[in-house]
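Visitor: File start.cif follows (mmCIF, C-alpha atoms):
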```cif
data_structure
#
loop_
_atom_site.label_atom_id
_atom_site.label_comp_id
_atom_site.auth_asym_id
_atom_site.auth_seq_id
_atom_site.Cartn_x
_atom_site.Cartn_y
_atom_site.Cartn_z
CA MET A 18 -1.96 -4.19 -73.29
CA ASN A 19 -1.64 -2.05 -76.37
CA LYS A 20 1.73 -3.23 -77.69
CA LYS A 21 2.12 -0.45 -80.20
CA ASP A 22 2.27 2.09 -77.35
CA VAL A 23 5.02 0.28 -75.45
CA ILE A 24 8.37 1.71 -76.47
CA ILE A 25 11.24 -0.77 -76.36
CA CYS A 26 13.94 1.31 -78.08
CA ARG A 27 13.47 5.04 -77.69
CA CYS A 28 16.46 5.95 -79.86
CA GLU A 29 14.98 4.27 -82.93
CA ASP A 30 11.31 4.39 -81.85
CA VAL A 31 10.78 0.63 -81.84
CA THR A 32 7.64 -0.69 -80.15
CA LEU A 33 6.87 -3.98 -78.44
CA GLU A 34 4.54 -4.72 -81.36
CA ASP A 35 7.41 -4.31 -83.89
CA LEU A 36 9.57 -6.62 -81.80
CA HIS A 37 6.92 -9.30 -81.29
CA ASN A 38 6.06 -9.31 -85.00
CA LEU A 39 9.68 -10.02 -85.89
CA ILE A 40 10.11 -12.67 -83.20
CA GLU A 41 6.99 -14.42 -84.49
CA GLU A 42 8.47 -14.37 -87.98
CA GLY A 43 11.38 -16.35 -86.56
CA TYR A 44 14.02 -13.71 -85.85
CA THR A 45 15.18 -14.74 -82.41
CA SER A 46 18.67 -13.30 -82.02
CA PHE A 47 19.57 -9.76 -81.05
CA GLU A 48 21.94 -9.43 -84.01
CA GLU A 49 19.23 -10.35 -86.53
CA ILE A 50 16.70 -8.05 -84.91
CA LYS A 51 19.24 -5.23 -84.79
CA ARG A 52 19.77 -5.47 -88.54
CA ILE A 53 16.07 -5.02 -89.21
CA LEU A 54 14.82 -2.74 -86.43
CA ARG A 55 18.08 -0.88 -85.59
CA VAL A 56 17.72 -1.64 -81.85
CA GLY A 57 21.07 -0.96 -80.22
CA MET A 58 22.25 1.26 -83.07
CA GLY A 59 21.04 4.61 -81.76
CA PRO A 60 22.74 7.13 -79.48
CA CYS A 61 22.47 4.91 -76.37
CA GLN A 62 23.97 1.88 -78.15
CA GLY A 63 21.63 -0.62 -76.55
CA ASN A 64 22.06 0.56 -72.96
CA THR A 65 18.33 1.18 -72.68
CA CYS A 66 16.70 -1.39 -74.97
CA GLY A 67 19.24 -4.18 -74.48
CA GLN A 68 17.70 -5.69 -71.40
CA LEU A 69 14.12 -5.25 -72.63
CA VAL A 70 14.86 -7.07 -75.88
CA GLN A 71 16.78 -9.72 -73.95
CA ARG A 72 13.77 -10.32 -71.69
CA GLU A 73 11.35 -10.68 -74.62
CA LEU A 74 13.71 -13.12 -76.38
CA SER A 75 14.16 -15.05 -73.16
CA LYS A 76 10.38 -15.38 -72.71
CA PHE A 77 9.73 -16.36 -76.33
CA THR A 78 12.56 -18.88 -76.74
CA ASN A 79 12.25 -20.20 -73.19
CA THR A 80 15.95 -19.53 -72.58
CA PRO A 81 17.28 -18.17 -69.28
CA ILE A 82 18.02 -14.45 -69.69
CA ASN A 83 21.73 -14.90 -68.88
CA GLU A 84 22.07 -17.05 -71.99
CA VAL A 85 20.41 -14.57 -74.35
CA LYS A 86 23.20 -12.75 -76.15
CA THR A 87 23.04 -9.02 -76.75
CA HIS A 88 24.54 -7.28 -79.75
CA LYS A 89 28.18 -7.07 -80.76
CA VAL A 90 29.70 -3.77 -79.70
CA ARG A 91 32.02 -2.13 -82.20
CA PRO A 92 33.88 1.14 -82.36
CA LEU A 93 32.91 3.94 -82.81
CA ILE A 94 30.43 3.99 -80.00
CA SER A 95 28.88 7.33 -80.86
CA GLY A 96 28.61 9.47 -83.95
CA VAL A 97 31.93 10.97 -85.06
CA LYS A 98 32.07 13.33 -88.04
CA LEU A 99 34.34 12.22 -90.88
CA LYS A 100 35.71 15.76 -90.79
CA SER A 101 36.93 15.18 -87.21
CA ILE A 102 38.70 11.95 -88.18
CA VAL A 103 40.37 13.58 -91.20
CA GLU A 104 41.50 16.55 -89.12
CA ALA A 105 43.03 14.19 -86.54
CA LEU A 106 44.92 12.42 -89.34
CA GLU A 107 46.25 15.72 -90.66
CA ASP A 108 47.46 16.65 -87.16
CA GLU A 109 49.36 13.38 -86.95
CA SER A 110 51.19 13.62 -90.25
CA MET B 9 49.66 10.05 -80.97
CA LYS B 10 49.36 11.10 -77.34
CA GLN B 11 51.23 8.68 -75.00
CA ILE B 12 49.95 8.09 -71.46
CA ASP B 13 50.97 5.48 -68.85
CA LEU B 14 47.43 4.89 -67.64
CA VAL B 15 44.05 5.87 -69.03
CA ILE B 16 41.15 5.90 -66.59
CA ILE B 17 37.75 5.91 -68.25
CA GLY B 18 35.20 7.58 -65.99
CA GLY B 19 35.74 10.31 -63.40
CA GLY B 20 33.34 9.02 -60.76
CA PRO B 21 34.25 7.67 -57.31
CA ALA B 22 36.11 4.63 -58.71
CA GLY B 23 38.07 6.52 -61.37
CA LEU B 24 39.09 9.39 -59.09
CA SER B 25 40.24 7.03 -56.33
CA ALA B 26 42.21 4.95 -58.82
CA ALA B 27 44.00 8.05 -60.14
CA LYS B 28 44.85 9.17 -56.62
CA MET B 29 46.36 5.83 -55.63
CA ALA B 30 48.28 5.55 -58.90
CA ALA B 31 49.67 9.05 -58.36
CA GLU B 32 50.67 8.23 -54.77
CA SER B 33 52.63 5.35 -56.28
CA GLY B 34 54.27 7.70 -58.78
CA LEU B 35 52.31 6.69 -61.88
CA SER B 36 50.79 9.33 -64.14
CA SER B 37 47.29 8.98 -65.57
CA LEU B 38 44.65 10.60 -67.72
CA ILE B 39 41.04 10.64 -66.48
CA ILE B 40 38.42 10.84 -69.20
CA GLU B 41 35.01 12.12 -68.15
CA ARG B 42 31.95 12.40 -70.37
CA ASP B 43 30.21 14.94 -68.14
CA PHE B 44 31.21 18.59 -67.78
CA LYS B 45 32.73 17.89 -64.37
CA VAL B 46 34.19 14.95 -62.47
CA GLY B 47 32.61 13.38 -59.38
CA GLY B 48 30.19 10.96 -61.04
CA GLN B 49 26.88 10.24 -59.37
CA LEU B 50 28.19 11.53 -56.04
CA VAL B 51 27.68 15.14 -57.15
CA LYS B 52 23.91 14.72 -56.86
CA GLN B 53 23.79 12.74 -53.62
CA THR B 54 22.61 15.07 -50.86
CA HIS B 55 22.23 12.30 -48.30
CA MET B 56 24.85 11.02 -45.87
CA PHE B 57 26.58 7.75 -46.61
CA PHE B 58 26.86 4.58 -44.55
CA GLY B 59 29.91 2.38 -44.21
CA SER B 60 32.90 3.23 -42.08
CA GLU B 61 34.92 6.41 -41.74
CA LYS B 62 37.43 5.19 -44.30
CA GLN B 63 34.73 5.50 -46.96
CA TYR B 64 33.60 8.87 -45.60
CA ALA B 65 30.49 7.59 -43.79
CA LYS B 66 28.23 10.28 -42.30
CA THR B 67 29.39 12.62 -45.08
CA ARG B 68 27.02 13.77 -47.82
CA GLY B 69 27.72 12.36 -51.26
CA ILE B 70 28.31 15.78 -52.76
CA ASP B 71 30.96 16.45 -50.09
CA ILE B 72 32.62 13.08 -50.71
CA ALA B 73 32.90 14.10 -54.37
CA LYS B 74 34.69 17.30 -53.29
CA ILE B 75 37.13 15.29 -51.15
CA LEU B 76 37.92 12.88 -54.00
CA VAL B 77 38.32 15.69 -56.54
CA ASN B 78 40.58 17.69 -54.22
CA ASP B 79 42.74 14.60 -53.66
CA VAL B 80 43.23 14.29 -57.40
CA LEU B 81 43.96 18.00 -57.86
CA LYS B 82 46.91 17.62 -55.47
CA TYR B 83 48.82 15.88 -58.27
CA PRO B 84 48.71 18.33 -61.19
CA GLU B 85 51.93 16.90 -62.66
CA LEU B 86 50.72 13.32 -62.56
CA ILE B 87 46.97 13.45 -63.17
CA GLU B 88 45.41 15.01 -66.25
CA ILE B 89 41.63 15.36 -66.44
CA MET B 90 39.66 15.70 -69.67
CA THR B 91 35.98 16.56 -69.17
CA ASP B 92 33.25 16.75 -71.85
CA THR B 93 35.13 13.88 -73.46
CA THR B 94 33.67 10.57 -74.61
CA VAL B 95 35.61 7.41 -75.33
CA VAL B 96 34.39 6.35 -78.76
CA GLY B 97 36.71 3.44 -79.41
CA LEU B 98 38.85 1.01 -77.48
CA TYR B 99 41.30 -1.30 -79.24
CA LYS B 100 43.20 -4.37 -78.09
CA ASP B 101 46.59 -2.75 -78.65
CA LYS B 102 45.55 -0.21 -75.98
CA VAL B 103 44.74 2.62 -78.27
CA VAL B 104 41.85 4.70 -76.96
CA THR B 105 40.02 7.12 -79.23
CA LEU B 106 38.26 10.12 -77.77
CA LEU B 107 35.85 12.78 -78.88
CA GLN B 108 36.05 16.18 -77.22
CA ASN B 109 33.90 18.95 -78.74
CA ASP B 110 34.05 17.27 -82.17
CA LYS B 111 37.81 16.85 -81.91
CA TYR B 112 38.87 13.24 -82.49
CA ILE B 113 41.90 12.30 -80.39
CA LYS B 114 43.95 9.09 -80.32
CA VAL B 115 45.78 8.00 -77.19
CA GLN B 116 48.28 5.16 -76.79
CA THR B 117 48.51 3.78 -73.29
CA ASN B 118 50.08 0.94 -71.31
CA ALA B 119 47.13 0.20 -69.06
CA ILE B 120 43.45 1.05 -68.87
CA ILE B 121 41.10 1.19 -65.91
CA ILE B 122 37.49 1.11 -67.01
CA ALA B 123 35.35 2.84 -64.39
CA THR B 124 32.30 3.74 -66.43
CA GLY B 125 29.74 2.92 -63.76
CA ALA B 126 26.19 1.86 -64.54
CA SER B 127 23.05 3.11 -66.26
CA GLU B 128 19.42 3.01 -65.15
CA LYS B 129 17.18 0.17 -66.21
CA VAL B 130 13.89 1.01 -67.87
CA LEU B 131 10.45 -0.60 -67.87
CA ALA B 132 8.20 -1.56 -70.76
CA PHE B 133 4.62 -0.36 -70.22
CA GLU B 134 2.04 1.49 -72.27
CA ASN B 135 3.01 5.06 -73.16
CA ASN B 136 6.34 4.73 -71.38
CA ASP B 137 7.75 7.51 -73.59
CA LEU B 138 5.45 10.30 -72.36
CA PRO B 139 7.21 13.44 -71.10
CA GLY B 140 7.08 13.37 -67.30
CA ILE B 141 8.41 9.83 -67.03
CA TYR B 142 11.94 9.89 -65.67
CA GLY B 143 14.62 7.64 -64.32
CA ALA B 144 15.28 8.29 -60.62
CA GLY B 145 18.84 9.35 -61.46
CA ALA B 146 17.56 11.90 -63.95
CA VAL B 147 15.27 13.35 -61.29
CA GLN B 148 18.21 13.65 -58.91
CA THR B 149 20.25 15.42 -61.57
CA LEU B 150 17.39 17.81 -62.33
CA MET B 151 16.70 18.61 -58.67
CA ASN B 152 20.06 18.42 -56.98
CA VAL B 153 22.44 19.55 -59.73
CA HIS B 154 20.30 21.98 -61.73
CA GLY B 155 17.72 23.01 -59.11
CA VAL B 156 14.73 22.14 -61.30
CA LEU B 157 11.66 20.32 -59.94
CA PRO B 158 10.49 17.40 -62.08
CA GLY B 159 6.81 18.00 -61.26
CA GLN B 160 4.33 18.44 -58.44
CA ASN B 161 2.77 14.99 -57.98
CA VAL B 162 5.04 12.01 -58.32
CA VAL B 163 4.80 8.24 -58.04
CA MET B 164 8.02 6.29 -57.57
CA VAL B 165 8.39 2.84 -59.13
CA GLY B 166 10.87 0.74 -57.16
CA SER B 167 11.68 0.65 -53.45
CA GLY B 168 15.39 -0.05 -53.61
CA ASN B 169 17.66 2.42 -51.84
CA ILE B 170 17.72 4.81 -54.80
CA GLY B 171 13.91 4.81 -55.06
CA LEU B 172 13.52 5.42 -51.33
CA ILE B 173 16.21 8.11 -51.11
CA VAL B 174 15.00 10.00 -54.18
CA SER B 175 11.40 9.88 -52.87
CA TYR B 176 12.61 11.46 -49.64
CA GLN B 177 14.57 14.11 -51.54
CA LEU B 178 11.49 14.89 -53.65
CA ILE B 179 9.53 15.52 -50.46
CA GLN B 180 12.36 17.70 -49.13
CA ALA B 181 12.07 19.72 -52.33
CA GLY B 182 8.34 20.24 -51.75
CA VAL B 183 7.02 17.65 -54.21
CA ASN B 184 4.03 15.47 -53.32
CA VAL B 185 5.01 11.79 -53.46
CA LEU B 186 1.72 9.87 -53.75
CA CYS B 187 3.19 6.43 -53.17
CA VAL B 188 6.10 4.10 -53.90
CA LEU B 189 5.39 0.94 -55.91
CA GLU B 190 7.35 -2.26 -55.38
CA ALA B 191 6.78 -5.31 -57.57
CA ALA B 192 8.28 -7.70 -55.01
CA SER B 193 6.44 -8.67 -51.87
CA GLU B 194 9.02 -6.88 -49.71
CA ILE B 195 10.64 -3.46 -49.68
CA GLY B 196 13.97 -3.59 -51.52
CA GLY B 197 16.05 -0.98 -49.71
CA TYR B 198 17.27 -0.42 -46.16
CA LYS B 199 14.65 -0.16 -43.44
CA VAL B 200 16.07 3.15 -42.24
CA HIS B 201 15.26 4.79 -45.59
CA ALA B 202 11.81 3.18 -45.80
CA SER B 203 10.94 4.25 -42.25
CA LYS B 204 11.75 7.88 -43.02
CA LEU B 205 9.18 7.82 -45.83
CA LYS B 206 6.57 5.98 -43.79
CA ARG B 207 6.90 8.54 -41.00
CA LEU B 208 6.04 11.21 -43.57
CA GLY B 209 2.92 9.24 -44.51
CA VAL B 210 4.13 7.86 -47.84
CA ASP B 211 2.55 4.50 -48.64
CA ILE B 212 4.98 1.88 -49.95
CA LYS B 213 2.80 -0.52 -51.94
CA THR B 214 4.49 -3.91 -52.21
CA SER B 215 3.34 -6.39 -54.91
CA HIS B 216 2.30 -3.39 -57.04
CA SER B 217 3.53 -2.02 -60.32
CA ILE B 218 2.82 0.48 -63.05
CA LYS B 219 0.40 -0.81 -65.68
CA LYS B 220 0.16 2.11 -68.02
CA ALA B 221 0.66 5.82 -68.39
CA ILE B 222 -2.06 8.09 -69.73
CA GLY B 223 -1.68 11.51 -71.31
CA LYS B 224 -1.74 13.38 -74.58
CA GLU B 225 1.24 15.71 -74.72
CA TYR B 226 2.62 14.80 -71.30
CA LEU B 227 1.90 12.48 -68.38
CA GLU B 228 -1.51 13.14 -66.81
CA LYS B 229 -2.48 9.91 -65.08
CA ILE B 230 -1.18 6.42 -64.39
CA VAL B 231 -2.89 3.09 -63.82
CA ILE B 232 -1.33 0.84 -61.21
CA GLY B 233 -2.26 -2.71 -60.29
CA LYS B 234 -1.56 -5.47 -57.80
CA LEU B 235 0.70 -8.36 -58.79
CA ASP B 236 0.34 -12.03 -57.97
CA ASP B 237 3.31 -14.18 -56.93
CA LYS B 238 4.25 -14.68 -60.61
CA TRP B 239 4.41 -10.90 -61.06
CA GLU B 240 1.27 -10.89 -63.27
CA PHE B 241 -1.37 -8.20 -62.74
CA ILE B 242 -4.42 -9.40 -60.81
CA GLU B 243 -7.64 -8.50 -62.60
CA GLY B 244 -9.87 -5.95 -60.93
CA THR B 245 -7.08 -4.34 -58.90
CA ASP B 246 -6.54 -1.37 -61.22
CA GLU B 247 -6.26 2.01 -59.60
CA GLU B 248 -5.96 5.35 -61.38
CA LEU B 249 -3.74 8.07 -59.94
CA VAL B 250 -3.43 11.68 -61.11
CA VAL B 251 0.27 12.54 -61.45
CA ASP B 252 2.46 14.77 -63.59
CA SER B 253 5.62 12.75 -63.03
CA LEU B 254 6.57 9.12 -62.75
CA CYS B 255 9.96 8.13 -61.50
CA ILE B 256 11.43 4.76 -62.49
CA SER B 257 13.95 3.22 -60.14
CA VAL B 258 14.15 -0.46 -60.99
CA GLY B 259 17.85 -1.05 -60.73
CA LEU B 260 21.06 -0.30 -62.54
CA SER B 261 22.93 -2.15 -65.19
CA PRO B 262 26.75 -2.06 -65.60
CA LEU B 263 27.99 0.13 -68.47
CA SER B 264 30.25 -2.57 -69.82
CA ASN B 265 29.99 -2.07 -73.58
CA LEU B 266 33.57 -0.79 -73.92
CA LEU B 267 34.70 -4.14 -72.53
CA SER B 268 32.60 -6.02 -75.06
CA MET B 269 34.25 -3.92 -77.76
CA ILE B 270 37.69 -5.41 -77.05
CA GLU B 271 36.19 -8.87 -76.58
CA THR B 272 36.92 -9.19 -72.89
CA GLU B 273 35.47 -12.38 -71.42
CA MET B 274 32.07 -11.42 -70.04
CA LYS B 275 29.21 -13.03 -68.19
CA TYR B 276 25.60 -12.09 -67.50
CA VAL B 277 25.15 -12.12 -63.74
CA SER B 278 21.76 -10.87 -62.60
CA TYR B 279 22.93 -10.31 -59.00
CA LEU B 280 25.47 -7.82 -60.37
CA GLY B 281 22.97 -6.05 -62.63
CA GLY B 282 23.74 -7.57 -66.03
CA LEU B 283 26.70 -8.17 -68.32
CA VAL B 284 30.00 -7.90 -66.43
CA PRO B 285 33.63 -8.81 -67.17
CA LEU B 286 35.36 -11.78 -65.58
CA ILE B 287 38.09 -10.47 -63.26
CA ASP B 288 40.89 -11.78 -61.07
CA LYS B 289 41.40 -10.79 -57.44
CA ASN B 290 43.19 -7.61 -58.57
CA HIS B 291 40.38 -6.55 -60.90
CA GLU B 292 42.30 -7.37 -64.07
CA THR B 293 40.10 -8.60 -66.94
CA SER B 294 40.90 -11.39 -69.39
CA ILE B 295 42.89 -8.83 -71.39
CA GLU B 296 46.24 -8.02 -69.84
CA ASN B 297 46.53 -4.54 -68.36
CA VAL B 298 42.84 -3.81 -68.79
CA PHE B 299 41.34 -3.37 -65.34
CA VAL B 300 37.88 -2.49 -64.02
CA ALA B 301 36.66 -0.70 -60.89
CA GLY B 302 33.27 0.34 -59.54
CA ASP B 303 29.77 -0.46 -60.81
CA VAL B 304 30.98 -1.59 -64.25
CA CYS B 305 31.98 -4.91 -62.69
CA GLY B 306 28.90 -5.24 -60.48
CA VAL B 307 26.43 -2.67 -59.17
CA GLU B 308 27.18 -1.73 -55.56
CA GLU B 309 27.34 1.37 -53.37
CA ALA B 310 29.62 4.34 -54.04
CA SER B 311 31.64 3.36 -50.96
CA SER B 312 32.65 0.07 -52.61
CA ALA B 313 33.46 1.91 -55.84
CA ILE B 314 35.87 4.19 -53.95
CA VAL B 315 37.71 1.28 -52.35
CA GLU B 316 37.78 -0.71 -55.61
CA GLY B 317 39.26 2.38 -57.25
CA TYR B 318 42.01 2.64 -54.64
CA LEU B 319 42.77 -1.07 -54.92
CA THR B 320 42.93 -1.03 -58.70
CA GLY B 321 45.06 2.12 -58.87
CA LEU B 322 47.48 0.58 -56.40
CA VAL B 323 47.75 -2.71 -58.29
CA VAL B 324 48.05 -1.18 -61.77
CA ALA B 325 50.85 1.12 -60.62
CA LYS B 326 52.78 -1.84 -59.23
CA LYS B 327 52.30 -3.77 -62.44
CA LEU B 328 53.80 -0.89 -64.40
CA GLY B 329 56.76 -0.68 -62.03
CA PHE B 330 55.58 1.99 -59.59
CA VAL B 331 55.29 0.37 -56.17
CA HIS B 332 53.55 2.39 -53.45
CA PRO B 333 55.78 2.70 -50.33
CA ASN B 334 52.98 1.16 -48.21
CA TYR B 335 51.79 -1.31 -50.85
CA ASP B 336 51.33 -4.41 -48.71
CA GLU B 337 49.60 -2.62 -45.87
CA LEU B 338 47.24 -0.73 -48.20
CA TYR B 339 46.45 -3.79 -50.29
CA LEU B 340 45.31 -5.75 -47.24
CA ASP B 341 43.41 -2.76 -45.90
CA PHE B 342 41.45 -2.26 -49.15
CA LYS B 343 40.64 -5.96 -49.40
CA ASP B 344 39.48 -5.89 -45.80
CA GLN B 345 37.30 -2.82 -46.34
CA LEU B 346 35.62 -4.42 -49.35
CA GLN B 347 34.91 -7.55 -47.39
CA ASN B 348 33.33 -5.51 -44.61
CA LEU B 349 31.18 -3.50 -47.00
CA ARG B 350 29.87 -6.71 -48.53
CA SER B 351 29.25 -8.57 -45.28
CA GLY B 352 25.86 -9.19 -43.72
CA PRO B 353 22.55 -10.32 -45.21
CA PHE B 354 22.27 -7.37 -47.65
CA GLY B 355 25.57 -8.38 -49.26
CA GLU B 356 24.65 -12.01 -49.80
CA LYS B 357 23.49 -11.81 -53.42
CA LEU B 358 26.40 -9.54 -54.22
CA ARG B 359 28.90 -12.02 -52.77
CA LEU B 360 27.37 -14.84 -54.79
CA GLY B 361 27.47 -12.69 -57.92
CA LEU B 362 31.12 -11.72 -57.41
CA GLU B 363 32.08 -15.38 -56.96
CA GLU B 364 30.65 -16.05 -60.40
CA ILE B 365 32.96 -13.59 -62.16
CA MET B 366 36.24 -14.61 -60.52
CA ARG B 367 38.82 -15.85 -62.99
#
```
Take the structure in the file and give it back as structure tokens.

Guide:
Amino acid sequence: MNKKDVIICRCEDVTLEDLHNLIEEGYTSFEEIKRILRVGMGPCQGNTCGQLVQRELSKFTNTPINEVKTHKVRPLISGVKLKSIVEALEDES
Amino acid sequence: MKQIDLVIIGGGPAGLSAAKMAAESGLSSLIIERDFKVGGQLVKQTHMFFGSEKQYAKTRGIDIAKILVNDVLKYPELIEIMTDTTVVGLYKDKVVTLLQNDKYIKVQTNAIIIATGASEKVLAFENNDLPGIYGAGAVQTLMNVHGVLPGQNVVMVGSGNIGLIVSYQLIQAGVNVLCVLEAASEIGGYKVHASKLKRLGVDIKTSHSIKKAIGKEYLEKIVIGKLDDKWEFIEGTDEELVVDSLCISVGLSPLSNLLSMIETEMKYVSYLGGLVPLIDKNHETSIENVFVAGDVCGVEEASSAIVEGYLTGLVVAKKLGFVHPNYDELYLDFKDQLQNLRSGPFGEKLRLGLEEIMR
């Protein structure tokens, strides 16, 4: 299998090769990997890549998939323009 | 800040049913829908549903959507609907932030029903980002909502009910379905759906999966292979097929990230599709007055989502002081309907999964 042609995160264009390289370097939690590869930070917020990354981590660390944590979800869940937030504040005051 | 008694996130079968039952009890609500219209996945289901009459069996999904939407429109004073609106933030003090056409809106509410449904799972294989590779749900949206064919020659990956039904609908639309691949040794969906395909000469290849996609600008060919009992490809079983579309239907996963955002207690339950909230018998999560209904707390059929919606709407209204005149009778009826929908051998894994998330 040509790992560089297997897309794991389509929002941030992360391949299986990118992921495996990091795992082999010792990054074995979703949160660490997110900080380097941006998986889970694109428009879909991990809905697509989450389970694929979970499976790879599960295989590599020999942990059941239900024990592999995914990333912390924080507001805002999609891109919001600062302009929109400021305008909402002005409406309130 | 906008004040609302109840915010319902998601205008699919669960959300619409919840709003209806809340309104019948006298409670007002706001339904927030990301899409341009309410109805959820039902709007693209052209097939007739199973279940009993109470869940509109023998009615086409698209017609069930119309029934549910009309029910909600009967309460213009009590139910407000916002379409093209995404929930961008959820906070523990029950503030919900929304984005509608770049307008950022804050809402303060007393209770929330999260009915966001589920999203399609994807597969990791070579060139899985080529144009022409779709989720089965996307194909249904293209064909049945927008009237656009995905391609001429299609292979379906996954023989669950969605894979089987969408394959049949592709054939109805004049598309050539070369075969259906199933990684497991048995067909995943109901026999009645599989038989329809087999009668039309479609081969359902069990213990087979997609190995890689080939193409320059778009999908031109795929390589499939046979799997052993550990789901590894067996050498020498490669087969090349000329296709312009590949449809992935390998299950759904609950869209539960809003629940993670407010740190609801969650658990990964594979029988339910992934990460789901722990709930009590009334569908309340570990955070008071935050409820869930439909696929977000375990992937099931639309019929279960409808009944879960009714149940949750009924219960939430009571909790906020609006008791439905027939509360007791309805409560037992909804519980009974859910039990029936989940009975039998097909419901076994689901029942085990639901036991795991009971608080």

Visitor: Check which residues satisfy the PyMOL selection byres ((chain B) within 9 of (chain A)) in the file shown, then give them as a PyMOL selection string.

Guide: chain B and resi 9+94-99+105+107+110-114+127-137+219-220+261+263+265-271+275-278+282-283

Visitor: Can you pull out the residues contacting B:Gly355? Cut-off 12 Å, using all atoms listed in the file, and skip same-chain residues under 4 positions away; I want them as a PyMOL selection string.

Guide: chain B and resi 198+279-280+307-309+312+346-351+359-362

Visitor: Next, write the just-selected residues to a file, as a compact mmCIF listing (two decimals), in the coordinates of the input, keeping C-alpha atoms as the atom set.

Guide:
```txt
# COMPACT_ATOMS: atom_id res chain seq x y z
CA TYR B 198 17.27 -0.42 -46.16
CA TYR B 279 22.93 -10.31 -59.00
CA LEU B 280 25.47 -7.82 -60.37
CA VAL B 307 26.43 -2.67 -59.17
CA GLU B 308 27.18 -1.73 -55.56
CA GLU B 309 27.34 1.37 -53.37
CA SER B 312 32.65 0.07 -52.61
CA LEU B 346 35.62 -4.42 -49.35
CA GLN B 347 34.91 -7.55 -47.39
CA ASN B 348 33.33 -5.51 -44.61
CA LEU B 349 31.18 -3.50 -47.00
CA ARG B 350 29.87 -6.71 -48.53
CA SER B 351 29.25 -8.57 -45.28
CA ARG B 359 28.90 -12.02 -52.77
CA LEU B 360 27.37 -14.84 -54.79
CA GLY B 361 27.47 -12.69 -57.92
CA LEU B 362 31.12 -11.72 -57.41
```

Visitor: Using the chain letters and numbers from this file, what does the PyMOL selection byres ((chain B and resi 291) around 9) select? Give the answer as a list in words.

Guide: Leu286, Ile287, Asp288, Lys289, Asn290, Glu292, Thr293, Val298, Phe299, Val300, Ala301, Cys305, Glu316, Leu319, Thr320 and Val323 of chain B

Visitor: Quick one: distance from atom CA of B:Leu254 to atom CA of A:Phe77 in Å, one decimal?

Guide: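 About the pair atom CA of B:Leu254 and atom CA of A:Phe77: they are 29.0 Å apart.
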
Visitor: Provide the atom CA of A:Cys28 to atom CA of A:Pro60 distance in Å, to one decimal place.

Guide: 6.4 Å

Visitor: Using the chain letters and numbers from the file, which residues does the PyMOL selection byres ((chain A and resi 42-50) around 8) grab, as a short mmCIF file (atom, residue, chain, number, x, y, z; two decimals) with C-alpha atoms, in the frame of the given file?

Guide:
```cif
data_model
loop_
_atom_site.label_atom_id
_atom_site.label_comp_id
_atom_site.auth_asym_id
_atom_site.auth_seq_id
_atom_site.Cartn_x
_atom_site.Cartn_y
_atom_site.Cartn_z
CA LEU A 36 9.57 -6.62 -81.80
CA ASN A 38 6.06 -9.31 -85.00
CA LEU A 39 9.68 -10.02 -85.89
CA ILE A 40 10.11 -12.67 -83.20
CA GLU A 41 6.99 -14.42 -84.49
CA LYS A 51 19.24 -5.23 -84.79
CA ARG A 52 19.77 -5.47 -88.54
CA ILE A 53 16.07 -5.02 -89.21
CA LEU A 54 14.82 -2.74 -86.43
CA ARG A 55 18.08 -0.88 -85.59
CA VAL A 56 17.72 -1.64 -81.85
CA VAL A 70 14.86 -7.07 -75.88
CA GLN A 71 16.78 -9.72 -73.95
CA LEU A 74 13.71 -13.12 -76.38
CA THR A 78 12.56 -18.88 -76.74
CA VAL A 85 20.41 -14.57 -74.35
CA LYS A 86 23.20 -12.75 -76.15
CA THR A 87 23.04 -9.02 -76.75
CA HIS A 88 24.54 -7.28 -79.75
CA LYS A 89 28.18 -7.07 -80.76
#
```

Visitor: Rounded to one decimal, what separation in Å do you get between atom CA of B:Leu50 and atom CA of B:Leu186?

Guide: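 Atom CA of B:Leu186 lies 26.6 Å from atom CA of B:Leu50.
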
Visitor: Hey, could you make a per-residue contact list for stretch 184-205 of chain B against stretch 231-236 of chain B with 10 Å as the cut-off, showing the nearest pair of atoms and its distance in Å to one decimal, counting only C-alpha atoms, sorted by chain and number, as CSV?

Guide:
```
residue,atom,partner,partner_atom,distance
B:Leu189,CA,B:Ile232,CA,8.6
B:Glu190,CA,B:Leu235,CA,9.6
B:Ala191,CA,B:Leu235,CA,6.9
B:Ala192,CA,B:Leu235,CA,8.5
B:Ser193,CA,B:Leu235,CA,9.0
```

Visitor: Step by step, gather every atom of stretch 95-109 of chain B that the file lists, find the box along x, y and z that holds them, add 6 Å on each side, and finally give centre and edge lengths in Å to one decimal, as JSON.

Guide:
```
{"center_x": 40.2, "center_y": 7.3, "center_z": -77.4, "size_x": 24.7, "size_y": 35.3, "size_z": 16.1}
```

Visitor: For B:Ile256, find every residue with an atom within 6 Å (counting all atoms listed in the file), except residues of its own chain fewer than 2 positions away, and show them as a list in words.

Guide: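 Here the answer would be Gly143, Ala144 and Val165 of chain B.
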
Visitor: Counting only C-alpha atoms, which of B:Ile121, B:Ile17, B:Ile179, B:Leu106 gets nearest to B:Thr93?

Guide: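 Of the candidates, the smallest distance to B:Thr93 is held by B:Leu106.
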
Visitor: Which residues, written as a CSV table (one decimal) with C-alpha atoms, in the coordinates of the input, have at least one atom at most 6 Å from B:Val115, with only C-alpha atoms counted and residues fewer than 5 positions away on the same chain left out?

Guide:
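Full text of part-v7.csv as output:
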```csv
chain,number,residue,atom,x,y,z
B,9,MET,CA,49.7,10.0,-81.0
B,10,LYS,CA,49.4,11.1,-77.3
B,11,GLN,CA,51.2,8.7,-75.0
B,103,VAL,CA,44.7,2.6,-78.3
B,104,VAL,CA,41.8,4.7,-77.0
```
